[in-house]
Structures are given as C-alpha cells and as structure tokens.
file entry26.cif (mmCIF, C-alpha atoms)
data_structure
loop_
_atom_site.label_atom_id
_atom_site.label_comp_id
_atom_site.auth_asym_id
_atom_site.auth_seq_id
_atom_site.Cartn_x
_atom_site.Cartn_y
_atom_site.Cartn_z
CA MET D 13 124.44 250.24 162.65
CA GLU D 14 122.84 249.70 166.04
CA THR D 15 124.68 247.96 168.85
CA THR D 16 123.37 244.66 170.15
CA SER D 17 124.30 241.98 172.69
CA LEU D 18 125.71 238.48 172.39
CA ASP D 19 122.52 236.80 173.52
CA GLU D 20 120.58 238.70 170.84
CA VAL D 21 123.18 237.70 168.25
CA TYR D 22 122.88 234.02 169.17
CA ALA D 23 119.08 234.14 169.27
CA SER D 24 119.04 235.65 165.78
CA LEU D 25 120.89 232.57 164.51
CA ASN D 26 118.99 229.93 166.46
CA GLU D 27 116.30 230.65 169.04
CA ASP D 28 116.79 227.15 170.45
CA ALA D 29 120.57 227.46 170.87
CA ASP D 30 121.69 226.29 174.30
CA THR D 31 125.45 225.71 173.89
CA ILE D 32 128.13 228.14 172.72
CA PHE D 33 131.54 226.76 171.82
CA VAL D 34 134.15 229.49 172.30
CA VAL D 35 137.66 229.35 170.84
CA PRO D 36 140.18 229.90 172.41
CA LEU D 37 139.95 229.08 176.11
CA ILE D 38 138.38 231.57 178.48
CA ARG D 39 140.70 232.30 181.41
CA HIS D 40 138.34 232.04 184.38
CA SER D 41 141.31 232.69 186.67
CA HIS D 42 141.56 236.29 185.35
CA LYS D 43 138.04 237.59 185.81
CA LYS D 44 139.09 241.27 185.88
CA THR D 45 141.43 241.35 182.90
CA ASP D 46 140.60 238.50 180.51
CA TYR D 47 138.82 239.85 177.45
CA LEU D 48 136.96 236.62 176.76
CA TYR D 49 135.73 236.19 180.33
CA LEU D 50 134.44 239.75 180.41
CA LEU D 51 132.82 239.40 176.99
CA TYR D 52 130.87 236.30 178.09
CA LYS D 53 130.49 237.23 181.78
CA LYS D 54 126.76 237.91 181.62
CA LEU D 55 126.08 234.61 179.83
CA ILE D 56 128.42 232.62 182.07
CA GLU D 57 126.54 233.87 185.12
CA SER D 58 123.12 233.15 183.60
CA ASP D 59 121.40 229.84 182.86
CA ASP D 60 120.55 230.71 179.25
CA TYR D 61 123.59 229.09 177.62
CA ASN D 62 126.29 226.58 178.36
CA ILE D 63 129.50 228.44 177.50
CA ASN D 64 132.02 225.74 176.55
CA SER D 65 135.47 227.09 175.69
CA ILE D 66 137.69 224.94 173.48
CA SER D 67 141.49 224.88 173.36
CA VAL D 68 143.56 224.82 170.20
CA PHE D 69 144.21 221.12 170.79
CA SER D 70 140.56 220.16 171.28
CA HIS D 71 138.97 221.30 168.04
CA PHE D 72 137.62 217.78 167.50
CA LYS D 73 135.06 218.63 170.19
CA LEU D 74 133.44 220.98 167.69
CA ILE D 75 132.57 218.01 165.48
CA THR D 76 131.40 215.71 168.26
CA GLY D 77 129.56 218.65 169.78
CA ILE D 78 127.50 219.52 166.70
CA LEU D 79 126.75 215.84 166.05
CA THR D 80 125.24 215.45 169.51
CA ASN D 81 123.65 218.91 169.72
CA ARG D 82 122.36 220.55 166.56
CA ASN D 83 121.57 223.71 168.51
CA ALA D 84 125.20 224.50 169.28
CA ILE D 85 126.85 227.69 168.02
CA LEU D 86 130.57 228.23 167.46
CA HIS D 87 132.02 231.63 168.40
CA TYR D 88 135.60 231.93 167.12
CA HIS D 89 138.33 234.48 167.90
CA TRP D 90 141.84 235.15 166.52
CA LEU D 91 142.27 232.89 163.49
CA GLU D 92 145.99 233.53 162.97
CA PHE D 93 149.42 231.90 163.00
CA GLN D 94 152.86 233.42 163.58
CA ASP D 95 155.39 230.86 162.36
CA PHE D 96 155.78 227.56 160.53
CA LYS D 97 155.08 225.53 163.66
CA SER D 98 151.74 227.22 164.28
CA LEU D 99 150.98 227.04 160.55
CA LEU D 100 151.07 223.25 160.78
CA GLY D 101 147.99 223.31 163.00
CA MET D 102 145.90 225.48 160.67
CA PRO D 103 144.68 222.71 158.30
CA TRP D 104 143.31 220.80 161.31
CA LYS D 105 141.60 223.89 162.71
CA MET D 106 140.10 224.84 159.36
CA LEU D 107 138.89 221.28 158.76
CA CYS D 108 137.10 221.17 162.11
CA ILE D 109 135.52 224.58 161.53
CA TYR D 110 134.42 223.59 158.02
CA LEU D 111 132.89 220.31 159.23
CA PHE D 112 131.03 222.18 161.97
CA HIS D 113 129.67 224.47 159.24
CA LEU D 114 128.91 221.59 156.88
CA LEU D 115 126.98 219.76 159.59
CA GLY D 116 124.68 222.73 160.03
CA GLY D 117 126.34 224.49 162.97
CA LYS D 118 126.03 228.28 163.12
CA ILE D 119 129.29 230.28 163.34
CA VAL D 120 130.07 233.72 164.75
CA TRP D 121 133.55 235.09 164.08
CA THR D 122 134.90 238.05 166.03
CA LEU D 123 137.24 240.25 164.00
CA HIS D 124 140.00 241.62 166.23
CA ASN D 125 142.63 242.58 163.65
CA GLU D 126 142.63 243.81 160.08
CA PHE D 127 146.00 242.11 159.51
CA PRO D 128 148.16 239.79 161.63
CA HIS D 129 150.22 242.10 163.81
CA ASP D 130 153.56 240.68 162.67
CA GLN D 131 152.59 241.13 158.98
CA LYS D 132 153.74 237.61 158.05
CA TYR D 133 152.10 235.24 155.52
CA LEU D 134 149.62 237.94 154.50
CA LYS D 135 148.39 236.22 151.32
CA LEU D 136 147.76 232.95 153.13
CA HIS D 137 146.03 234.75 156.00
CA SER D 138 143.87 236.61 153.49
CA PHE D 139 142.86 233.32 151.87
CA LEU D 140 142.01 231.66 155.19
CA HIS D 141 140.15 234.71 156.49
CA GLN D 142 137.97 234.98 153.40
CA LYS D 143 137.11 231.28 153.75
CA MET D 144 136.21 231.82 157.39
CA ALA D 145 134.14 234.89 156.53
CA ASN D 146 132.18 232.81 154.00
CA TRP D 147 131.54 230.01 156.49
CA ALA D 148 130.56 232.38 159.30
CA ASP D 149 126.90 233.24 159.63
CA LEU D 150 127.70 236.50 161.45
CA LEU D 151 130.81 238.64 161.79
CA HIS D 152 131.19 240.38 165.15
CA VAL D 153 133.01 243.70 165.49
CA HIS D 154 133.40 246.29 168.25
CA CYS D 155 132.78 249.49 166.28
CA LYS D 156 131.16 250.88 163.12
CA THR D 157 134.51 251.76 161.57
CA ALA D 158 135.48 248.08 161.67
CA VAL D 159 132.47 247.22 159.51
CA SER D 160 133.58 249.43 156.62
CA ILE D 161 137.19 248.25 156.93
CA MET D 162 136.52 244.52 157.21
CA SER D 163 133.62 244.25 154.76
CA LEU D 164 136.03 245.45 152.08
CA ARG D 165 138.93 243.35 153.38
CA LEU D 166 136.87 240.14 153.49
CA ASN D 167 134.58 240.89 150.55
CA ALA D 168 131.64 240.37 152.91
CA PRO D 169 128.29 242.21 152.86
CA GLN D 170 127.79 244.73 155.66
CA GLU D 171 124.51 243.03 156.54
CA LYS D 172 126.56 240.11 157.85
CA PHE D 173 128.15 242.25 160.57
CA LYS D 174 126.91 242.71 164.12
CA LEU D 175 128.22 245.36 166.50
CA VAL D 176 128.62 244.19 170.10
CA PRO D 177 130.67 246.72 172.12
CA HIS D 178 134.01 245.85 173.68
CA PRO D 179 133.52 244.65 177.27
CA GLU D 180 134.38 247.09 180.04
CA PHE D 181 137.21 246.31 182.43
CA PRO D 182 136.53 246.67 186.17
CA ALA D 183 138.93 249.13 187.79
CA SER D 184 140.42 249.27 191.29
CA PRO D 185 142.36 252.53 191.29
CA LEU D 186 144.94 253.53 193.91
CA SER D 187 146.52 256.86 194.65
CA SER D 188 149.41 257.63 192.31
CA ASN D 189 151.92 257.91 195.17
CA LYS D 190 150.91 254.61 196.72
CA ALA D 191 151.01 252.86 193.33
CA ARG D 192 154.51 254.14 192.58
CA GLU D 193 155.73 253.08 195.99
CA GLN D 194 154.43 249.57 195.35
CA LEU D 195 156.07 249.39 191.93
CA ASN D 196 159.39 250.67 193.27
CA GLU D 197 159.39 248.04 195.98
CA HIS D 198 158.04 245.14 193.93
CA TYR D 199 160.22 245.60 190.84
CA ASN D 200 163.22 247.37 192.39
CA ILE D 201 162.79 250.41 190.14
CA THR D 202 162.77 254.16 190.81
CA LEU D 203 159.73 256.24 189.93
CA TYR D 204 159.86 259.67 191.56
CA LYS D 205 156.52 261.14 192.59
CA HIS D 206 157.12 264.48 190.88
CA ASN D 207 157.92 263.07 187.41
CA LYS D 208 155.14 262.23 184.99
CA VAL D 209 154.84 258.65 183.73
CA PHE D 210 153.88 257.52 180.25
CA LEU D 211 152.65 253.93 180.24
CA MET D 212 152.76 251.36 177.42
CA PHE D 213 151.13 248.26 178.87
CA GLY D 214 150.66 244.82 177.28
CA ASN D 215 152.56 242.40 175.10
CA ILE D 216 155.84 243.75 173.79
CA SER D 217 155.57 243.57 170.00
CA GLN D 218 156.92 245.38 166.93
CA TYR D 219 153.52 246.59 165.70
CA LYS D 220 153.17 248.77 168.81
CA GLN D 221 156.25 250.81 167.81
CA ILE D 222 157.42 251.00 171.42
CA LYS D 223 161.03 251.82 170.58
CA GLU D 224 159.93 254.93 168.70
CA VAL D 225 158.09 256.19 171.79
CA ALA D 226 161.13 255.42 173.96
CA GLU D 227 163.31 257.53 171.67
CA ILE D 228 160.86 260.44 171.95
CA VAL D 229 160.94 260.22 175.76
CA ILE D 230 164.74 260.17 175.78
CA ASP D 231 164.84 263.34 173.63
CA ILE D 232 162.20 265.32 175.54
CA GLU D 233 163.64 268.10 177.72
CA GLU D 234 161.26 267.66 180.65
CA ASP D 235 161.95 264.90 183.18
CA CYS D 236 159.56 261.99 182.73
CA TYR D 237 159.41 258.21 182.50
CA LEU D 238 158.24 255.72 179.91
CA MET D 239 157.14 252.55 181.68
CA ILE D 240 156.93 249.52 179.37
CA ALA D 241 155.23 246.58 181.06
CA GLY D 242 154.25 243.21 179.65
CA PRO D 243 155.63 239.93 178.32
CA VAL D 244 157.69 239.75 175.14
CA LYS D 245 155.53 238.33 172.37
CA LYS D 246 156.97 235.38 170.48
CA GLY D 247 159.27 236.45 167.65
CA ASN D 248 160.08 239.85 169.17
CA ASN D 249 163.39 239.12 170.90
CA GLU D 250 165.28 241.68 168.81
CA LEU D 251 162.90 244.40 169.96
CA TYR D 252 163.29 243.22 173.55
CA TYR D 253 167.09 243.51 173.39
CA ASP D 254 166.83 247.00 171.90
CA LEU D 255 164.50 248.09 174.69
CA LYS D 256 166.68 246.41 177.31
CA GLU D 257 169.66 248.43 176.09
CA LEU D 258 167.64 251.65 176.30
CA ASP D 259 166.50 250.70 179.80
CA GLU D 260 170.09 250.10 180.91
CA ASN D 261 171.42 253.36 179.46
CA HIS D 262 168.56 255.80 180.17
CA GLU D 263 166.91 256.17 183.57
CA ARG D 264 163.78 257.53 181.90
CA ILE D 265 163.05 254.14 180.32
CA VAL D 266 161.61 251.58 182.75
CA LEU D 267 161.26 248.12 181.21
CA ILE D 268 159.37 245.32 182.98
CA PRO D 269 159.27 242.49 180.39
CA ASP D 270 157.13 240.12 182.45
CA PHE D 271 153.61 238.81 182.50
CA ILE D 272 151.77 241.14 184.86
CA GLU D 273 149.66 239.32 187.40
CA GLU D 274 146.08 240.50 187.65
CA ASP D 275 146.45 242.01 191.12
CA MET D 276 149.28 244.24 189.87
CA VAL D 277 147.40 245.65 186.87
CA PRO D 278 145.67 248.38 188.94
CA VAL D 279 149.05 249.41 190.36
CA PHE D 280 150.53 250.09 186.90
CA TYR D 281 147.56 252.09 185.67
CA SER D 282 147.28 254.03 188.93
CA ALA D 283 150.97 254.95 188.76
CA ALA D 284 150.66 256.28 185.19
CA ASP D 285 149.76 259.83 184.18
CA VAL D 286 148.95 259.01 180.55
CA CYS D 287 148.69 255.87 178.40
CA VAL D 288 150.43 255.95 175.04
CA PHE D 289 149.59 253.77 172.05
CA ASN D 290 151.64 253.89 168.87
CA TYR D 291 150.12 251.04 166.85
CA ARG D 292 151.35 250.65 163.29
CA GLU D 293 147.88 249.30 162.56
CA ILE D 294 144.95 248.41 164.79
CA LEU D 295 141.29 247.44 164.54
CA SER D 296 140.19 247.23 168.19
CA SER D 297 142.37 247.84 171.23
CA GLY D 298 141.85 246.18 174.60
CA GLY D 299 144.61 248.38 175.99
CA TYR D 300 142.58 251.48 175.20
CA HIS D 301 139.57 250.13 177.07
CA MET D 302 141.74 249.32 180.09
CA ALA D 303 143.09 252.90 180.09
CA LYS D 304 139.52 254.16 179.77
CA ALA D 305 138.47 252.09 182.79
CA TYR D 306 141.12 253.90 184.87
CA ASN D 307 140.09 257.28 183.42
CA LYS D 308 143.60 257.89 182.09
CA PRO D 309 144.41 260.39 179.36
CA VAL D 310 145.18 258.56 176.14
CA ILE D 311 147.48 259.42 173.24
CA ALA D 312 146.76 257.10 170.31
CA PRO D 313 146.83 256.90 166.50
CA ASN D 314 143.76 257.83 164.48
CA LEU D 315 143.21 254.25 163.31
CA GLY D 316 140.48 251.61 163.44
CA CYS D 317 138.04 251.79 166.32
CA LEU D 318 140.26 254.36 168.03
CA SER D 319 139.23 256.86 165.35
CA GLU D 320 135.75 256.91 166.91
CA GLU D 321 137.12 257.99 170.30
CA GLY D 322 138.49 261.40 169.30
CA ASP D 323 135.48 263.24 170.74
CA GLN D 324 136.36 262.06 174.25
CA SER D 325 137.87 264.87 176.32
CA ASN D 326 140.89 262.85 177.49
CA VAL D 327 141.63 261.10 174.17
CA HIS D 328 144.20 262.71 171.86
CA LEU D 329 144.64 261.20 168.39
CA PHE D 330 147.60 261.72 166.08
CA GLU D 331 148.26 261.18 162.39
CA SER D 332 152.07 261.05 162.38
CA GLN D 333 155.06 260.44 164.61
CA GLU D 334 155.70 264.19 164.72
CA GLU D 335 152.17 264.75 166.02
CA LEU D 336 152.80 262.04 168.62
CA ARG D 337 155.93 263.85 169.79
CA LEU D 338 154.04 267.16 170.01
CA LEU D 339 151.19 265.64 172.02
CA MET D 340 153.59 264.03 174.48
CA THR D 341 155.55 267.27 174.86
CA GLU D 342 152.36 269.32 175.34
CA PHE D 343 151.15 266.91 178.00
CA LEU D 344 154.33 267.38 180.02
CA SER D 345 154.07 271.15 179.84
CA SER D 346 150.38 271.28 180.77
#

call {"tool": "encode", "arguments": {"input": "entry26.cif", "output": "structure tokens"}}
result
Amino acid sequence: METTSLDEVYASLNEDADTIFVVPLIRHSHKKTDYLYLLYKKLIESDDYNINSISVFSHFKLITGILTNRNAILHYHWLEFQDFKSLLGMPWKMLCIYLFHLLGGKIVWTLHNEFPHDQKYLKLHSFLHQKMANWADLLHVHCKTAVSIMSLRLNAPQEKFKLVPHPEFPASPLSSNKAREQLNEHYNITLYKHNKVFLMFGNISQYKQIKEVAEIVIDIEEDCYLMIAGPVKKGNNELYYDLKELDENHERIVLIPDFIEEDMVPVFYSAADVCVFNYREILSSGGYHMAKAYNKPVIAPNLGCLSEEGDQSNVHLFESQEELRLLMTEFLSS
C-alpha cells in the first residue's frame, strides 16, 4: 500500500470539498506536541480547506454543517468511552455521525487503537466500531501493519484503507546535563549526570505496564533511573498509588504525575538516555514518534506499527518481559 496525504484523501472523496470537520478539538495552543494540530498543520496553513474542529459537546454542528454545505467532510478520531458517564454520550455522538452520513456527507475515520486501552466494554465497542467502519468512506491508518489488523477486526475491505504517515514532532534538544539541571530545579528531584535515565513519557495508564518496568529498574544491579512523567489517566488511581509508593521507597524511580507543559517536553527527552515502551497492546504510538524526533534509542514491544520499526538502528523490539529486562540491562552495560 502506497502512502498518501490528507489533501489527496479528501480530494478522492470529493474534489469540491472545502470544509473538513475534525473531531475532537485541535489544540492550537500546543503546536509542537498536539497530534491533531501537526496532522492538519499543512492544511491549516493553506487556503485549500477550512479546518473546523468540533468538541464532544458540539456534534450537532455536523448536522447543521452538512445541511448548509454538501461539500463538507467529517474526519473522526478516537471513538471510545471509558465509563458509564461517557457511555451516556455515545448515542448522541453516533446519531449525529449517522445523520451526517445519511445526508450524504463523506466520512474519514482514523484508527488509533485496536482495542480501548482499558479493555472495558469490548463487545459494545466492537459493535460501535463496526458501525462506524461501515459508515466511513475511508479508514485512515499510520502503517501497513494496521491495515491487516484492522481490516480483520472491523470486517472491512483493505481497499477502504488509506495510509497517511504519523506526523513528525518538531524537536528542540538540549544538552543532557543542562536538561537534568533544569528538571532537578523545576521538580525538586535528583538526577545525577553519571547515571543513565530510562524515560516513560505520557499519560499514566495500566496498558503501558509502567509498574513492571519500574520493578525491572529496581532489580537491575547498575545505577540508573526510571523517570515516569505525565498525568494520571482517568480510572488509573490504583496504578498511581502503586507508583507513588515505589517512588517514595526507591530513589531510582522518579515519578512526575503531572501534565507536562509544552516548553518542558524537550527538557524531559533531552535528559533521557533511552525511551521505554511496554504496551500491553498498541496500534500506533505517538510516544514513539516523539522519541524518534529526539533521536533517542527506543526499547518497545514488537506490536502494531512498532513492528515495522525494527530495522531502525536505535530501535530494539522485544517479545516478552524477559527480553525487555535483557535489553534494558544490555543498554546499561554498553
């Protein structure tokens, strides 16, 4: 399958399209780290399309939008819910999407995950996702592997898929010593210059199996740190308390359970020696692409789109937790 671009995808659906409704909202305030902004950056800066991002609470605009402009296209991301409260909003969302489809609007759906990360309500998610796949005119993925996985998962023909690569993150690297000094001062932590740092960056969630990596770091003989940075995702308080206890009892574990402001992102990646990913399951990983932008060695599972990255010189893929431990140990001794 050949790669393409978003403007080519939209033109293939409707050459006269002039408005793209994007769900959810694009964070224009985070132009260096927001996936959606970077994905649409070229189109936002051009005059070819009006990129109109829609919040969860404004789905009615999809209906009014297609009624007033038959050349509008809907590009949807992340059709999931985590709990009963968010489930209550799904009928409204699905109704608005279906009416947009029924009224002749073209739909592109980007597939980010094979399953919801928290593994809840799988049968209902499967039902909703197959409906969405049927309504969508095109299914957007970031790698060839995702096509084979999701065509089977959604019972959708491979001809319906389009491959548009993951957007690249702009990087502003610092020296490792300067970055560690800034982190020590800003967060009142202690990262010695001579110890290597493993970084797990992003939302703190069970599917990333962070605790398992922390336990490996605690057991390793060589001095090192595991820096865990990012906000606690909803429903993961038990994991947070487990990590907090490890942080309090082991100086090798450095936990920063906060939203990381955009200007601090380069500091974390510059301070790290290697980025570790221990996903239980994954389709595409924004974290990997951020690590790639900073030219950091990566240790990651041989899953999803990551399985296509094994030929990169600084990417090391594993099949089991024992292989993960060996790779981390070998990195410290190299």

call {"tool": "residues_around", "arguments": {"input": "entry26.cif", "residues": "Ser184 of chain D", "least_positions_apart": "6", "cutoff": "9 Å", "atoms": "all atoms listed in the file", "output": "MDAnalysis selection string"}}
result
chainID D and resid 278:279 282 306

call {"tool": "residues_around", "arguments": {"input": "entry26.cif", "residues": "Glu320 of chain D", "least_positions_apart": "5", "cutoff": "12 Å", "atoms": "only C-alpha atoms", "output": "list in words"}}
result
His154, Cys155, Lys156, Thr157, Ala158, Leu295, Ser296, Ala312, Pro313, Asn314, Leu315, Val327, His328 and Leu329 of chain D

call {"tool": "resolve_selection", "arguments": {"input": "entry26.cif", "expression": "the PyMOL selection byres ((chain D and resi 190-192) around 12)", "output": "NGL selection string"}}
result
:D and (184-189 or 193-209 or 237 or 239 or 275-285)

call {"tool": "resolve_selection", "arguments": {"input": "entry26.cif", "expression": "the PyMOL selection byres ((chain D and resi 170) around 12)", "output": "list in words"}}
result
Met13, Ala145, Leu150, Leu151, His152, Val153, Lys156, Thr157, Ala158, Val159, Ser160, Ile161, Met162, Ser163, Leu164, Arg165, Leu166, Asn167, Ala168, Pro169, Glu171, Lys172, Phe173, Lys174 and Leu175 of chain D

call {"tool": "resolve_selection", "arguments": {"input": "entry26.cif", "expression": "the PyMOL selection byres ((chain D and resi 147) around 8)", "output": "ChimeraX atom specification"}}
result
/D:110,113,119,143-146,148-149

call {"tool": "write_last_selection", "arguments": {"input": "entry26.cif", "atoms": "C-alpha atoms", "output": "compact mmCIF listing (two decimals), in the frame of the given file"}}
result
# COMPACT_ATOMS: atom_id res chain seq x y z
CA TYR D 110 134.42 223.59 158.02
CA HIS D 113 129.67 224.47 159.24
CA ILE D 119 129.29 230.28 163.34
CA LYS D 143 137.11 231.28 153.75
CA MET D 144 136.21 231.82 157.39
CA ALA D 145 134.14 234.89 156.53
CA ASN D 146 132.18 232.81 154.00
CA ALA D 148 130.56 232.38 159.30
CA ASP D 149 126.90 233.24 159.63

call {"tool": "residues_around", "arguments": {"input": "entry26.cif", "residues": "Phe127 of chain D", "least_positions_apart": "2", "cutoff": "9 Å", "atoms": "only C-alpha atoms", "output": "list in words"}}
result
Asn125, His129, Asp130, Gln131, Leu134, His137, Ser138, Glu293, Ile294 and Leu295 of chain D

call {"tool": "atom_distance", "arguments": {"input": "entry26.cif", "atom1": "atom CA of Leu25 of chain D", "atom2": "atom CA of Ala84 of chain D"}}
result
10.3 Å

call {"tool": "decode", "arguments": {"input": "entry26.cif", "residues": "segment 264-275 of chain D", "atoms": "N, CA, C and O atoms", "output": "PDB file, in the first residue's frame"}}
result
ATOM      1  N   ARG D 264      15.668   5.251  42.626  1.00  0.00           N
ATOM      2  CA  ARG D 264      15.785   5.063  41.186  1.00  0.00           C
ATOM      3  C   ARG D 264      14.495   5.415  40.434  1.00  0.00           C
ATOM      4  O   ARG D 264      14.520   5.639  39.231  1.00  0.00           O
ATOM      5  N   ILE D 265      13.376   5.401  41.128  1.00  0.00           N
ATOM      6  CA  ILE D 265      12.087   5.702  40.491  1.00  0.00           C
ATOM      7  C   ILE D 265      11.760   7.169  40.705  1.00  0.00           C
ATOM      8  O   ILE D 265      11.669   7.642  41.852  1.00  0.00           O
ATOM      9  N   VAL D 266      11.586   7.897  39.616  1.00  0.00           N
ATOM     10  CA  VAL D 266      11.269   9.326  39.667  1.00  0.00           C
ATOM     11  C   VAL D 266       9.908   9.520  39.014  1.00  0.00           C
ATOM     12  O   VAL D 266       9.758   9.374  37.792  1.00  0.00           O
ATOM     13  N   LEU D 267       8.915   9.821  39.830  1.00  0.00           N
ATOM     14  CA  LEU D 267       7.533   9.959  39.351  1.00  0.00           C
ATOM     15  C   LEU D 267       7.123  11.426  39.323  1.00  0.00           C
ATOM     16  O   LEU D 267       7.195  12.120  40.344  1.00  0.00           O
ATOM     17  N   ILE D 268       6.679  11.888  38.148  1.00  0.00           N
ATOM     18  CA  ILE D 268       6.163  13.252  38.000  1.00  0.00           C
ATOM     19  C   ILE D 268       4.775  13.130  37.380  1.00  0.00           C
ATOM     20  O   ILE D 268       4.610  13.168  36.151  1.00  0.00           O
ATOM     21  N   PRO D 269       3.742  12.945  38.221  1.00  0.00           N
ATOM     22  CA  PRO D 269       2.387  12.645  37.714  1.00  0.00           C
ATOM     23  C   PRO D 269       1.586  13.899  37.354  1.00  0.00           C
ATOM     24  O   PRO D 269       0.492  14.131  37.851  1.00  0.00           O
ATOM     25  N   ASP D 270       2.152  14.715  36.489  1.00  0.00           N
ATOM     26  CA  ASP D 270       1.544  15.992  36.124  1.00  0.00           C
ATOM     27  C   ASP D 270       1.443  16.116  34.612  1.00  0.00           C
ATOM     28  O   ASP D 270       2.193  15.467  33.866  1.00  0.00           O
ATOM     29  N   PHE D 271       0.536  16.981  34.184  1.00  0.00           N
ATOM     30  CA  PHE D 271       0.530  17.353  32.771  1.00  0.00           C
ATOM     31  C   PHE D 271       1.808  18.133  32.492  1.00  0.00           C
ATOM     32  O   PHE D 271       2.151  19.068  33.210  1.00  0.00           O
ATOM     33  N   ILE D 272       2.532  17.746  31.468  1.00  0.00           N
ATOM     34  CA  ILE D 272       3.800  18.389  31.157  1.00  0.00           C
ATOM     35  C   ILE D 272       3.568  19.487  30.130  1.00  0.00           C
ATOM     36  O   ILE D 272       3.106  19.226  29.012  1.00  0.00           O
ATOM     37  N   GLU D 273       3.851  20.709  30.532  1.00  0.00           N
ATOM     38  CA  GLU D 273       3.679  21.832  29.624  1.00  0.00           C
ATOM     39  C   GLU D 273       4.605  21.692  28.415  1.00  0.00           C
ATOM     40  O   GLU D 273       5.684  21.106  28.500  1.00  0.00           O
ATOM     41  N   GLU D 274       4.173  22.255  27.316  1.00  0.00           N
ATOM     42  CA  GLU D 274       4.876  22.043  26.049  1.00  0.00           C
ATOM     43  C   GLU D 274       6.333  22.479  26.103  1.00  0.00           C
ATOM     44  O   GLU D 274       7.217  21.814  25.534  1.00  0.00           O
ATOM     45  N   ASP D 275       6.629  23.566  26.810  1.00  0.00           N
ATOM     46  CA  ASP D 275       8.009  24.045  26.842  1.00  0.00           C
ATOM     47  C   ASP D 275       8.926  23.155  27.669  1.00  0.00           C
ATOM     48  O   ASP D 275      10.158  23.272  27.581  1.00  0.00           O
TER      49      ASP D 275
END
